[in-house]
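Asker: Coordinates in model-v9.pdb, PDB, C-alpha atoms, are listed below.
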```pdb
ATOM      1  CA  MET A   1       3.302  -5.113 -25.635
ATOM      2  CA  GLU A   2       2.494  -7.150 -22.538
ATOM      3  CA  ASP A   3       2.565 -10.419 -24.488
ATOM      4  CA  LEU A   4       5.936  -9.562 -26.039
ATOM      5  CA  SER A   5       7.384  -8.685 -22.637
ATOM      6  CA  GLN A   6       6.063 -11.858 -21.067
ATOM      7  CA  GLN A   7       7.386 -13.937 -23.962
ATOM      8  CA  HIS A   8      10.838 -12.389 -23.486
ATOM      9  CA  TRP A   9      11.012 -13.363 -19.805
ATOM     10  CA  GLU A  10       9.515 -16.814 -20.310
ATOM     11  CA  ASN A  11      12.241 -17.477 -22.865
ATOM     12  CA  ILE A  12      14.961 -16.263 -20.473
ATOM     13  CA  TYR A  13      13.824 -18.529 -17.652
ATOM     14  CA  GLN A  14      13.264 -21.513 -19.958
ATOM     15  CA  THR A  15      16.707 -21.335 -21.546
ATOM     16  CA  LYS A  16      18.993 -20.109 -18.748
ATOM     17  CA  ASN A  17      19.921 -21.426 -15.320
ATOM     18  CA  SER A  18      20.375 -19.151 -12.318
ATOM     19  CA  ASN A  19      24.164 -19.105 -12.764
ATOM     20  CA  GLU A  20      23.695 -17.827 -16.307
ATOM     21  CA  VAL A  21      21.812 -14.610 -15.466
ATOM     22  CA  SER A  22      23.432 -11.526 -13.979
ATOM     23  CA  TRP A  23      20.863 -10.792 -11.275
ATOM     24  CA  THR A  24      21.291 -14.011  -9.287
ATOM     25  CA  GLN A  25      22.228 -13.590  -5.612
ATOM     26  CA  GLU A  26      23.067 -16.595  -3.467
ATOM     27  CA  LYS A  27      21.917 -14.605  -0.442
ATOM     28  CA  PRO A  28      20.177 -11.235  -0.909
ATOM     29  CA  ASN A  29      21.924  -9.606   2.041
ATOM     30  CA  ILE A  30      21.120  -5.977   1.226
ATOM     31  CA  SER A  31      17.396  -6.731   0.856
ATOM     32  CA  LEU A  32      17.354  -8.745   4.071
ATOM     33  CA  GLN A  33      19.092  -5.927   5.970
ATOM     34  CA  LEU A  34      16.614  -3.332   4.733
ATOM     35  CA  ILE A  35      13.674  -5.607   5.529
ATOM     36  CA  GLN A  36      15.035  -6.170   9.034
ATOM     37  CA  GLN A  37      15.093  -2.383   9.550
ATOM     38  CA  CYS A  38      11.334  -2.272   8.899
ATOM     39  CA  ASN A  39      10.736  -4.123  12.205
ATOM     40  CA  LEU A  40       7.919  -6.202  10.790
ATOM     41  CA  LEU A  41       5.845  -8.740  12.665
ATOM     42  CA  LYS A  42       6.186 -12.299  11.420
ATOM     43  CA  THR A  43       2.540 -12.084  10.347
ATOM     44  CA  ALA A  44       3.179  -9.003   8.182
ATOM     45  CA  SER A  45       2.067  -9.231   4.561
ATOM     46  CA  ILE A  46       5.093  -9.051   2.244
ATOM     47  CA  ILE A  47       5.140  -8.955  -1.554
ATOM     48  CA  ASP A  48       8.261  -9.396  -3.682
ATOM     49  CA  ILE A  49       7.714  -7.640  -7.028
ATOM     50  CA  GLY A  50       9.488  -9.277  -9.957
ATOM     51  CA  GLY A  51      10.745 -11.895  -7.529
ATOM     52  CA  GLY A  52      11.153 -14.558 -10.205
ATOM     53  CA  ASP A  53      13.212 -17.428  -8.835
ATOM     54  CA  SER A  54      15.048 -15.182  -6.351
ATOM     55  CA  ASN A  55      16.233 -16.740  -3.105
ATOM     56  CA  LEU A  56      14.687 -13.931  -1.047
ATOM     57  CA  VAL A  57      11.541 -15.940  -0.382
ATOM     58  CA  ASP A  58      13.655 -18.828   0.989
ATOM     59  CA  TYR A  59      15.296 -16.573   3.559
ATOM     60  CA  LEU A  60      12.032 -14.872   4.523
ATOM     61  CA  LEU A  61      10.510 -18.290   5.212
ATOM     62  CA  GLN A  62      13.585 -19.254   7.235
ATOM     63  CA  GLU A  63      13.118 -16.118   9.323
ATOM     64  CA  GLY A  64       9.554 -17.154  10.097
ATOM     65  CA  PHE A  65       7.502 -14.782   7.959
ATOM     66  CA  GLU A  66       4.094 -16.293   7.385
ATOM     67  CA  ASN A  67       2.389 -14.126   4.750
ATOM     68  CA  ILE A  68       4.589 -13.888   1.652
ATOM     69  CA  THR A  69       3.567 -13.215  -1.954
ATOM     70  CA  VAL A  70       5.888 -13.420  -4.957
ATOM     71  CA  LEU A  71       4.839 -11.719  -8.193
ATOM     72  CA  ASP A  72       6.527 -12.085 -11.564
ATOM     73  CA  ILE A  73       5.596 -11.715 -15.215
ATOM     74  CA  SER A  74       7.165 -15.108 -15.932
ATOM     75  CA  LYS A  75       5.282 -18.242 -14.950
ATOM     76  CA  LYS A  76       8.408 -20.312 -15.585
ATOM     77  CA  ALA A  77      10.419 -18.192 -13.117
ATOM     78  CA  LEU A  78       7.887 -18.820 -10.370
ATOM     79  CA  GLU A  79       7.776 -22.526 -11.198
ATOM     80  CA  LYS A  80      11.547 -22.700 -10.697
ATOM     81  CA  ALA A  81      11.212 -21.116  -7.271
ATOM     82  CA  GLN A  82       8.373 -23.465  -6.356
ATOM     83  CA  GLN A  83      10.381 -26.509  -7.396
ATOM     84  CA  ARG A  84      13.351 -25.327  -5.343
ATOM     85  CA  LEU A  85      11.213 -24.768  -2.252
ATOM     86  CA  GLY A  86       9.318 -28.035  -2.560
ATOM     87  CA  LYS A  87       6.673 -28.398   0.157
ATOM     88  CA  LEU A  88       7.508 -24.929   1.518
ATOM     89  CA  ALA A  89       6.122 -23.393  -1.688
ATOM     90  CA  GLU A  90       2.639 -24.097  -0.348
ATOM     91  CA  LYS A  91       3.223 -21.416   2.292
ATOM     92  CA  VAL A  92       3.675 -18.737  -0.378
ATOM     93  CA  LYS A  93       1.189 -16.981  -2.676
ATOM     94  CA  TRP A  94       2.377 -16.945  -6.295
ATOM     95  CA  ILE A  95       1.078 -14.386  -8.789
ATOM     96  CA  VAL A  96       1.852 -14.300 -12.519
ATOM     97  CA  SER A  97       1.319 -10.703 -13.635
ATOM     98  CA  ASP A  98       2.830  -7.735 -15.396
ATOM     99  CA  ILE A  99       3.302  -5.326 -12.495
ATOM    100  CA  THR A 100       1.825  -2.434 -14.490
ATOM    101  CA  LYS A 101      -1.393  -4.481 -14.917
ATOM    102  CA  PHE A 102      -1.465  -5.882 -11.379
ATOM    103  CA  ASN A 103      -4.812  -5.593  -9.591
ATOM    104  CA  PRO A 104      -4.094  -6.364  -5.915
ATOM    105  CA  THR A 105      -6.815  -8.069  -3.895
ATOM    106  CA  GLU A 106      -5.080  -7.271  -0.590
ATOM    107  CA  THR A 107      -2.709  -4.709   0.860
ATOM    108  CA  TYR A 108       0.886  -5.215   1.934
ATOM    109  CA  ASP A 109       2.910  -4.131   4.945
ATOM    110  CA  LEU A 110       6.064  -4.400   2.830
ATOM    111  CA  TRP A 111       6.529  -4.024  -0.913
ATOM    112  CA  HIS A 112       9.975  -5.182  -2.064
ATOM    113  CA  ASP A 113      11.258  -4.681  -5.597
ATOM    114  CA  ARG A 114      14.804  -5.469  -6.651
ATOM    115  CA  ALA A 115      15.419  -4.841 -10.351
ATOM    116  CA  ALA A 116      11.845  -4.806 -11.669
ATOM    117  CA  PHE A 117      11.025  -1.087 -11.523
ATOM    118  CA  HIS A 118      14.048  -0.064 -13.594
ATOM    119  CA  PHE A 119      12.686  -1.986 -16.600
ATOM    120  CA  LEU A 120       9.827   0.522 -16.832
ATOM    121  CA  THR A 121      11.055   3.124 -19.310
ATOM    122  CA  GLN A 122       7.703   4.524 -20.489
ATOM    123  CA  PRO A 123       6.045   7.303 -18.426
ATOM    124  CA  ASN A 124       2.650   5.560 -18.495
ATOM    125  CA  ASP A 125       4.111   2.351 -17.091
ATOM    126  CA  VAL A 126       5.933   4.263 -14.338
ATOM    127  CA  ALA A 127       2.726   6.136 -13.479
ATOM    128  CA  ASN A 128       0.748   2.877 -13.331
ATOM    129  CA  TYR A 129       3.355   1.300 -11.071
ATOM    130  CA  ILE A 130       3.233   4.231  -8.634
ATOM    131  CA  LYS A 131      -0.575   4.230  -8.659
ATOM    132  CA  ILE A 132      -0.755   0.494  -7.936
ATOM    133  CA  ALA A 133       1.914   0.674  -5.238
ATOM    134  CA  SER A 134       0.232   3.637  -3.553
ATOM    135  CA  LYS A 135      -3.020   1.710  -3.225
ATOM    136  CA  ALA A 136      -1.496  -1.643  -2.292
ATOM    137  CA  ILE A 137       1.085  -0.597   0.310
ATOM    138  CA  ASN A 138       0.175  -0.094   3.957
ATOM    139  CA  ARG A 139       3.505   1.349   5.048
ATOM    140  CA  ASN A 140       6.916   0.107   3.798
ATOM    141  CA  MET A 141       8.433   0.012   0.327
ATOM    142  CA  ILE A 142      11.945  -1.037  -0.716
ATOM    143  CA  ILE A 143      13.092  -0.362  -4.271
ATOM    144  CA  GLY A 144      16.402  -1.478  -5.784
ATOM    145  CA  THR A 145      17.424  -0.306  -9.273
ATOM    146  CA  PHE A 146      20.580   0.119 -11.291
ATOM    147  CA  SER A 147      22.300   3.324 -10.221
ATOM    148  CA  THR A 148      23.546   6.016 -12.591
ATOM    149  CA  ASN A 149      26.895   4.195 -12.461
ATOM    150  CA  GLY A 150      25.277   0.858 -13.236
ATOM    151  CA  PRO A 151      24.427  -0.873 -16.526
ATOM    152  CA  THR A 152      22.128   0.720 -19.088
ATOM    153  CA  LYS A 153      20.764  -2.629 -20.244
ATOM    154  CA  CYS A 154      19.835  -5.953 -18.684
ATOM    155  CA  SER A 155      18.809  -9.154 -20.416
ATOM    156  CA  GLY A 156      18.952  -7.301 -23.736
ATOM    157  CA  LEU A 157      16.454  -4.668 -22.572
ATOM    158  CA  THR A 158      17.080  -0.973 -21.961
ATOM    159  CA  ILE A 159      16.566   0.043 -18.345
ATOM    160  CA  GLN A 160      16.130   3.355 -16.514
ATOM    161  CA  GLN A 161      18.985   4.252 -14.186
ATOM    162  CA  TYR A 162      18.299   6.167 -10.957
ATOM    163  CA  ASN A 163      20.153   8.105  -8.305
ATOM    164  CA  GLU A 164      18.878   8.924  -4.819
ATOM    165  CA  THR A 165      17.330  12.225  -5.881
ATOM    166  CA  GLY A 166      15.571  10.781  -8.898
ATOM    167  CA  LEU A 167      14.171   7.765  -7.089
ATOM    168  CA  THR A 168      13.011   9.926  -4.184
ATOM    169  CA  GLU A 169      11.303  12.463  -6.431
ATOM    170  CA  ILE A 170       9.476   9.950  -8.591
ATOM    171  CA  PHE A 171       7.732   8.434  -5.560
ATOM    172  CA  SER A 172       7.343  11.683  -3.580
ATOM    173  CA  SER A 173       3.613  12.056  -4.213
ATOM    174  CA  SER A 174       2.876   9.007  -2.053
ATOM    175  CA  PHE A 175       6.065   8.067  -0.207
ATOM    176  CA  THR A 176       8.755   9.646   1.933
ATOM    177  CA  LYS A 177      12.318   8.384   1.666
ATOM    178  CA  ASN A 178      13.680   6.714   4.768
ATOM    179  CA  ASN A 179      17.190   5.971   3.530
ATOM    180  CA  CYS A 180      19.160   5.087   0.408
ATOM    181  CA  THR A 181      22.343   3.087  -0.046
ATOM    182  CA  LEU A 182      24.550   2.116  -2.963
ATOM    183  CA  HIS A 183      25.279  -1.577  -3.365
ATOM    184  CA  GLN A 184      27.849  -3.374  -5.505
ATOM    185  CA  HIS A 185      26.287  -6.580  -6.786
ATOM    186  CA  THR A 186      28.709  -9.289  -7.881
ATOM    187  CA  THR A 187      27.221 -11.309 -10.723
ATOM    188  CA  PRO A 188      27.751 -15.057 -11.279
ATOM    189  CA  PHE A 189      30.281 -13.980 -13.934
ATOM    190  CA  ASN A 190      32.405 -12.113 -11.354
ATOM    191  CA  THR A 191      31.522  -8.695 -12.729
ATOM    192  CA  THR A 192      30.019  -5.927 -10.599
ATOM    193  CA  GLN A 193      26.865  -3.884 -11.062
ATOM    194  CA  GLU A 194      26.060  -0.843  -8.958
ATOM    195  CA  PHE A 195      22.545  -0.695  -7.545
ATOM    196  CA  ILE A 196      20.826   1.937  -5.468
ATOM    197  CA  PHE A 197      18.397   0.712  -2.819
ATOM    198  CA  CYS A 198      15.953   3.090  -1.186
ATOM    199  CA  SER A 199      13.444   2.393   1.555
ATOM    200  CA  PHE A 200      10.294   4.480   1.785
ATOM    201  CA  ILE A 201       7.409   5.048   4.173
ATOM    202  CA  LYS A 202       3.940   5.729   2.820
ATOM    203  CA  ASN A 203       2.785   9.278   3.458
ATOM    204  CA  LYS A 204       0.243   9.450   6.287
ATOM    205  CA  SER A 205      -1.994  11.739   4.262
ATOM    206  CA  ILE A 206      -2.864   8.890   1.883
ATOM    207  CA  ILE A 207      -2.922   5.994   4.328
TER     208      ILE A 207
END
```
Transcribe the structure of this file into structure tokens.
Answerer:
Amino acid sequence: MEDLSQQHWENIYQTKNSNEVSWTQEKPNISLQLIQQCNLLKTASIIDIGGGDSNLVDYLLQEGFENITVLDISKKALEKAQQRLGKLAEKVKWIVSDITKFNPTETYDLWHDRAAFHFLTQPNDVANYIKIASKAINRNMIIGTFSTNGPTKCSGLTIQQYNETGLTEIFSSSFTKNNCTLHQHTTPFNTTQEFIFCSFIKNKSII
């Protein structure tokens, strides 16, 4: 299953440019706002889950963050980001991995995930994600998924929609919700997709 999933995403990133995929954001404003609210030090360890060739890493580098990791199942997606960044790519750690198989070798002050978690539709994969996140996160987690008013599919794959209650409950064993907000994402095709973004704090009992 992992190989099939990886093959799907490698094909997407090999055959489509950023203006040909719905998730592209010129500037990820909502993510940057939520990250700013975490009041992180510039030395904080940050990981972007399913970051692909997102521009988030560019803006984090511009803001002076020094310890950034980008993880994606697609090697080609990460290569695109590296090529865009040029020399700056050397300041970033790049990890090719299926998030449900990820074995972190460090912990993170901030775990950011826009539009990766909602691709996990099997209970075992969701459970693995939560288990990995619970071990890897020191304090802050930001999750963005399609809302219950958003699409039911992306890139030809079925996704799992969430509302505030559902997203809060699924992570409640290890995380406490800080806040949630709905966000209308405008795609490169001038259509809109509704996301829900929630920020969480790791429960002190498991820190």
Asker: To verify the selection step, state as a short mmCIF file (atom, residue, chain, number, x, y, z; two decimals) with C-alpha atoms, in the frame of the given file which residues the PyMOL selection byres ((chain A and resi 89) around 12) yields on this input.
Answerer:
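The resulting part-v3.cif:
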```cif
data_model
loop_
_atom_site.label_atom_id
_atom_site.label_comp_id
_atom_site.auth_asym_id
_atom_site.auth_seq_id
_atom_site.Cartn_x
_atom_site.Cartn_y
_atom_site.Cartn_z
CA ASP A 53 13.21 -17.43 -8.84
CA VAL A 57 11.54 -15.94 -0.38
CA ASP A 58 13.66 -18.83 0.99
CA LEU A 61 10.51 -18.29 5.21
CA GLU A 66 4.09 -16.29 7.38
CA ASN A 67 2.39 -14.13 4.75
CA ILE A 68 4.59 -13.89 1.65
CA THR A 69 3.57 -13.22 -1.95
CA VAL A 70 5.89 -13.42 -4.96
CA LEU A 78 7.89 -18.82 -10.37
CA GLU A 79 7.78 -22.53 -11.20
CA LYS A 80 11.55 -22.70 -10.70
CA ALA A 81 11.21 -21.12 -7.27
CA GLN A 82 8.37 -23.46 -6.36
CA GLN A 83 10.38 -26.51 -7.40
CA ARG A 84 13.35 -25.33 -5.34
CA LEU A 85 11.21 -24.77 -2.25
CA GLY A 86 9.32 -28.04 -2.56
CA LYS A 87 6.67 -28.40 0.16
CA LEU A 88 7.51 -24.93 1.52
CA GLU A 90 2.64 -24.10 -0.35
CA LYS A 91 3.22 -21.42 2.29
CA VAL A 92 3.68 -18.74 -0.38
CA LYS A 93 1.19 -16.98 -2.68
CA TRP A 94 2.38 -16.94 -6.30
#
```
Asker: Which polymer residues have any atom within 7 Å of an atom of Met141 of chain A, counting only C-alpha atoms, with same-chain residues fewer than 3 positions away left out, as a ChimeraX atom specification?
Answerer: /A:110-112,199-201
Asker: Can you list what the PyMOL selection byres ((chain A and resi 144-157) around 7) grabs from this structure, as a list in words?
Answerer: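 Applied to this file, the PyMOL selection byres ((chain A and resi 144-157) around 7) selects Asp113, Arg114, Ala115, Phe117, His118, Ile142, Ile143, Thr158, Ile159, Gln161, Tyr162, Asn163, Gln193, Glu194, Phe195, Ile196, Phe197 and Cys198 of chain A.
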Asker: With only C-alpha atoms as the atoms that count, which of A:Asn140, A:Asp98, A:Gln160, A:Leu60 lies nearest to Leu120 of chain A?
Answerer: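 Under the stated criterion, the closest residue is A:Gln160.
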Asker: Find the distance between atom CA of Pro123 of chain A and atom CA of Asn138 of chain A and write it in Å to one decimal.
Answerer: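 Going from atom CA of Pro123 of chain A over to atom CA of Asn138 of chain A, I get 24.3 Å.
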Asker: Would you mind reading off the distance between atom CA of Phe65 of chain A and atom CA of Ala44 of chain A, one decimal, in Å?
Answerer: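 Those two atoms sit 7.2 Å apart.
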Asker: Hey, what comes out of the PyMOL selection byres ((chain A and resi 51) around 6) on this file? Could you write it as an MDAnalysis selection string?
Answerer: chainID A and resid 48:50 52 54 70:72
Asker: Set the distance at 9 Å and use only C-alpha atoms: which residues neighbour Phe102 of chain A once local chain neighbours fewer than 3 positions away are removed? I'd like the list as an mmCIF file with C-alpha atoms, keeping the file's coordinate frame.
Answerer:
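Wrote part-v2.cif, looks like this:
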```cif
data_model
loop_
_atom_site.group_PDB
_atom_site.id
_atom_site.type_symbol
_atom_site.label_atom_id
_atom_site.label_comp_id
_atom_site.auth_asym_id
_atom_site.auth_seq_id
_atom_site.Cartn_x
_atom_site.Cartn_y
_atom_site.Cartn_z
ATOM 1 C CA SER A 97 1.319 -10.703 -13.635
ATOM 2 C CA ASP A 98 2.830 -7.735 -15.396
ATOM 3 C CA ILE A 99 3.302 -5.326 -12.495
ATOM 4 C CA TYR A 129 3.355 1.300 -11.071
ATOM 5 C CA ILE A 132 -0.755 0.494 -7.936
#
```
Asker: Find, counting all atoms listed in the file, the residue in A:Ser74, A:Gln122, A:Asn29, A:Asn179 that gets nearest to Leu56 of chain A.
Answerer: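 Looking at the shortest contact to Leu56 of chain A, the residue is A:Asn29.
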Asker: At most 8 Å is the cut-off: for each residue in segment 23-136 of chain A with any atom that close to an atom of segment 8-13 of chain A, write down the nearest atom pair and the distance in Å rounded to one decimal, counting all atoms listed in the file, chain first then increasing number, as CSV.
Answerer:
```
residue,atom,partner,partner_atom,distance
A:Ile73,CA,A:Trp9,CA,7.3
A:Ser74,CA,A:Glu10,CA,5.3
A:Lys75,CA,A:Glu10,CA,7.0
A:Lys76,CA,A:Glu10,CA,6.0
A:Ala77,CA,A:Tyr13,CA,5.7
```
Asker: With distances taken over all atoms listed in the file, which residue among A:Ser5, A:Gln37, A:Ser174, A:Thr43 lies nearest Ala127 of chain A?
Answerer: A:Ser174
Asker: Between A:Gly64, A:Glu169, A:Glu164, A:Lys135, which is the closest to Leu182 of chain A once you count all atoms listed in the file?
Answerer: A:Glu164
Asker: For atom CA of Ala116 of chain A and atom CA of Thr100 of chain A, determine how far apart the two atoms are, in Å to one decimal place.
Answerer: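 For atom CA of Ala116 of chain A relative to atom CA of Thr100 of chain A, the distance reads 10.7 Å.
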Asker: Give, as JSON, the centre coordinates and the x, y and z edge lengths in Å to one decimal for an axis-aligned box around all listed atoms of segment 44-52 of chain A, padded by 6 Å on each side.
Answerer:
```
{"center_x": 6.6, "center_y": -11.1, "center_z": -1.0, "size_x": 21.1, "size_y": 18.9, "size_z": 30.4}
```
Asker: For Ala136 of chain A, please output as a list of chain:residue names all residues within 7 Å (counting only C-alpha atoms; exclusion window: fewer than 3 positions along the same chain).
Answerer: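 Non-adjacent residues within range: A:Pro104, A:Glu106, A:Thr107, A:Tyr108, A:Ile132, A:Ala133.
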Asker: Choose the residue, out of A:Lys131, A:Leu40, A:Ile30, A:Gln25, that has the smallest atom-to-atom separation from Phe189 of chain A; count all atoms listed in the file.
Answerer: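 Of the candidates, the smallest distance to Phe189 of chain A is held by A:Gln25.
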